[in-house]
Amino acid sequence: MSDVERLLQAFIREDREGGEADPLAYLAQVEGDDRAELEALIDAYLARAPRRPFDREAFEGSGARAVAEDIGRSLGGVSGEWPALLPRLRDRARLRRAEVVARLADELGATESQQAKIARYYHGMERGTLPADGVSDRVLQALAKIVGTTAEALREAGRRAGGAATPDAAGTAFARIGAPDPEQMPAEELTRRRGAAPDEPPDEIDAAFTSA
Amino acid sequence: MCEAGAAGHESAALALAMLVYGHRPNVRRRVAMKVPPQDVDDVTDEILAKATVSAFDGTSGGQFGSWMNTITVRAIADYHRRGPGRVATEPLDRDLEAPAEDAAETRDALRRVLDALSDEHRRVVELWLQGFAAPEIDGISDANVHQIVSRFRRALRGQLGDGPKGKAA
C-alpha cells in the first residue's frame, strides 16, 4: 500500500472514530506529487463525509453559534446579507463597531450629535433592521472604504436574502438560538428615534441612511 | 396561529443551527488545506453564510450538500483570486466567472477523472472515497476494487500534473 493510501485510510479512520482528524498533520507526512494527491483525496472524502450530528450543548459553546445568529439575522431582517457580512468585514479590518461608526461619521462629515444617529443606523445594518434599499451610495462608498470592500459589493449583498416582512418574528426566533438581542430594533422604530429630539426634522444623515 | 408561527420559526432556527454546526468542521478542514491559518475561520464562515442563506431563500442549486461543496470550491478560488485580506462579497454569479485556482482545479481534476469512469467503476470509487474498504463494497471482488482504485489514482495524478493524462477506465 502506498504512503498516500495508507495516510488517507488513517485519516478516514481517525475521522470516523470521532477525532475530527486534522488534514494538515497528514499532509505534512508527504511531499510533492504525493502531497497533491493526498490533498485531493482528503478533500474528496470531506466533501462526501456526513455532517456532524447536532449537539445543542456543544453548539452553544462553538463558533458555529455566532455564525448561525448572523445568518439568522440576514434571513429574518431587511438588510440582505449585511448582518452576516458586515461583522466579518469589520473583524477583518480589526475595527470595533464604535471605530467604524467614528470613521463613517468622519467620512460623511457628520457633527458630534449626528454620530449617535449614525451609530444607530449602522447598528441596524449589522442587525438586519435597516432596509438596505434606503441606504445611499454615499454611505456605502464611505463604509466600503473603511472595511476594505467596494460599494457595489455592499449594495449587492444588501439585495440578497432577507427582506422578510416581519423581521421581529423571524429575526427574534433565529436570535433565540443564542442569547436574545435586546438591542434589536425595527427599522421604523430606529427611524422614529433618530437624533436627540424626536420632533426634529430629518437631516441629511437620515436621508443618507433611509431614502436612497 | 401565533403558536404555529412561533413553532415554525423555532423549527427554522433549529434547522439553521443544525446546518451550520453540522457542516462547519468539514468545510473548515477543506478550507484549512488551501488557505493560510489566519484566514481559515473567515473563509469558512463566509461559505456557511452564502450556502445557508441561499438554501433558505430558495436560490441554492440542488441538494444542500452539493451546493455547499460548490460554494466551498468557489469561495476558496475566489479568496486566491482576490488575494489575502479581502473578504468575498461578490454575488455568486460573479463567482461562477472566476478563473479556476488551485481548489477549483483539484475539484475539476477529480470530476474529469470520475466522469471518465463507467457507472460501475464510478460507484466503486465513490464508495472508496467515502472510506469504504474493498471488502465492504458489494458486488465486486477485492482485487477488482484495488485495480479500479489504482487506475483511478493514476488518472487523478495525471490530471493533477504528474504523469500521463490517461483515462482511468
# chains A, B, ... in the order shown; residues from 1 in each chain; ligands from 1
$ interface_residues --of "chain A" --to "chain B" --cutoff "7 Å" --atoms "only C-alpha atoms" --output "PyMOL selection string"
chain A and resi 12+23-24+33+37+40+43-49+51-54+59+64+67-68+71+75+84+89+148+153+156-157+161+170+173-174+177
$ atom_distance --atom1 "atom CA of A:Pro131" --atom2 "atom CA of B:Ile71"
26.6 Å
$ residues_around --residues "B:Asp138" --least-positions-apart "2" --cutoff "12 Å" --atoms "only C-alpha atoms" --output "PyMOL selection string"
chain B and resi 120+123-124+127-128+132-136+140-142+144-145
$ write_last_selection --atoms "N, CA and C atoms" --output "compact mmCIF listing (two decimals), in the first residue's frame"
# COMPACT_ATOMS: atom_id res chain seq x y z
N GLU B 120 -20.27 1.60 -13.09
CA GLU B 120 -19.90 0.64 -12.04
C GLU B 120 -18.56 1.05 -11.38
N ARG B 123 -19.11 4.01 -9.16
CA ARG B 123 -19.75 3.60 -7.89
C ARG B 123 -18.69 3.09 -6.91
N VAL B 124 -17.77 2.28 -7.42
CA VAL B 124 -16.72 1.72 -6.56
C VAL B 124 -15.83 2.84 -6.01
N LEU B 127 -17.57 5.00 -3.37
CA LEU B 127 -17.62 4.33 -2.06
C LEU B 127 -16.24 4.34 -1.40
N TRP B 128 -15.21 4.12 -2.21
CA TRP B 128 -13.85 4.13 -1.67
C TRP B 128 -13.52 5.53 -1.12
N PHE B 132 -15.01 3.45 2.42
CA PHE B 132 -15.31 2.01 2.46
C PHE B 132 -14.09 1.22 1.99
N ALA B 133 -13.75 0.19 2.74
CA ALA B 133 -12.65 -0.69 2.33
C ALA B 133 -13.16 -1.68 1.29
N ALA B 134 -12.23 -2.29 0.56
CA ALA B 134 -12.61 -3.20 -0.53
C ALA B 134 -13.62 -4.27 -0.08
N PRO B 135 -13.40 -4.95 1.04
CA PRO B 135 -14.36 -6.00 1.44
C PRO B 135 -15.76 -5.45 1.75
N GLU B 136 -15.87 -4.16 2.00
CA GLU B 136 -17.18 -3.57 2.34
C GLU B 136 -17.97 -3.17 1.10
N ILE B 140 -18.39 -6.94 -6.05
CA ILE B 140 -17.13 -6.89 -6.79
C ILE B 140 -16.03 -7.44 -5.89
N SER B 141 -15.07 -8.12 -6.50
CA SER B 141 -14.01 -8.73 -5.70
C SER B 141 -13.06 -7.66 -5.16
N ASP B 142 -12.38 -8.02 -4.08
CA ASP B 142 -11.40 -7.08 -3.51
C ASP B 142 -10.33 -6.72 -4.55
N ASN B 144 -10.56 -6.59 -7.74
CA ASN B 144 -11.05 -5.64 -8.73
C ASN B 144 -11.19 -4.23 -8.15
N VAL B 145 -11.60 -4.16 -6.90
CA VAL B 145 -11.67 -2.84 -6.26
C VAL B 145 -10.29 -2.19 -6.27
$ select_by_dssp --residues "stretch 10-72 of chain A" --states "helix (DSSP H, G or I)" --output "ChimeraX atom specification"
/A:10-19,23-27,32-48,56-60,63-72
$ atom_distance --atom1 "atom CA of A:Gly134" --atom2 "atom CA of A:Ala208"
7.8 Å
$ closest_residue --among "A:Asp34, A:Asp91, A:Asp22, A:Glu126" --to "A:Asp70" --atoms "only C-alpha atoms"
A:Glu126
$ atom_distance --atom1 "atom CA of A:Ile42" --atom2 "atom CA of A:Phe11"
7.9 Å
$ residues_around --residues "A:Arg97" --least-positions-apart "3" --cutoff "10 Å" --atoms "only C-alpha atoms" --output "list in words"
Leu86, Pro87, Arg90, Asp91, Arg94, Val100, Val101, Ala102, Arg103, Ala119, Tyr122, His123 and Glu126 of chain A
$ decode --residues "stretch 125-137 of chain B" --atoms "N, CA and C atoms" --output "CSV table (one decimal), in the first residue's frame"
chain,number,residue,atom,x,y,z
B,125,VAL,N,-15.4,3.8,-6.9
B,125,VAL,CA,-14.5,4.8,-6.5
B,125,VAL,C,-15.2,5.8,-5.5
B,126,GLU,N,-16.5,6.0,-5.7
B,126,GLU,CA,-17.3,6.9,-4.8
B,126,GLU,C,-17.3,6.3,-3.4
B,127,LEU,N,-17.6,5.0,-3.4
B,127,LEU,CA,-17.6,4.3,-2.1
B,127,LEU,C,-16.2,4.3,-1.4
B,128,TRP,N,-15.2,4.1,-2.2
B,128,TRP,CA,-13.8,4.1,-1.7
B,128,TRP,C,-13.5,5.5,-1.1
B,129,LEU,N,-13.9,6.6,-1.8
B,129,LEU,CA,-13.7,7.9,-1.4
B,129,LEU,C,-14.5,8.3,-0.1
B,130,GLN,N,-15.5,7.5,0.1
B,130,GLN,CA,-16.3,7.7,1.4
B,130,GLN,C,-15.7,6.9,2.5
B,131,GLY,N,-14.6,6.2,2.2
B,131,GLY,CA,-14.0,5.4,3.3
B,131,GLY,C,-14.3,4.0,3.4
B,132,PHE,N,-15.0,3.4,2.4
B,132,PHE,CA,-15.3,2.0,2.5
B,132,PHE,C,-14.1,1.2,2.0
B,133,ALA,N,-13.8,0.2,2.7
B,133,ALA,CA,-12.6,-0.7,2.3
B,133,ALA,C,-13.2,-1.7,1.3
B,134,ALA,N,-12.2,-2.3,0.6
B,134,ALA,CA,-12.6,-3.2,-0.5
B,134,ALA,C,-13.6,-4.3,-0.1
B,135,PRO,N,-13.4,-4.9,1.0
B,135,PRO,CA,-14.4,-6.0,1.4
B,135,PRO,C,-15.8,-5.4,1.8
B,136,GLU,N,-15.9,-4.2,2.0
B,136,GLU,CA,-17.2,-3.6,2.3
B,136,GLU,C,-18.0,-3.2,1.1
B,137,ILE,N,-17.3,-3.3,-0.1
B,137,ILE,CA,-18.0,-2.8,-1.3
B,137,ILE,C,-18.6,-4.1,-2.0
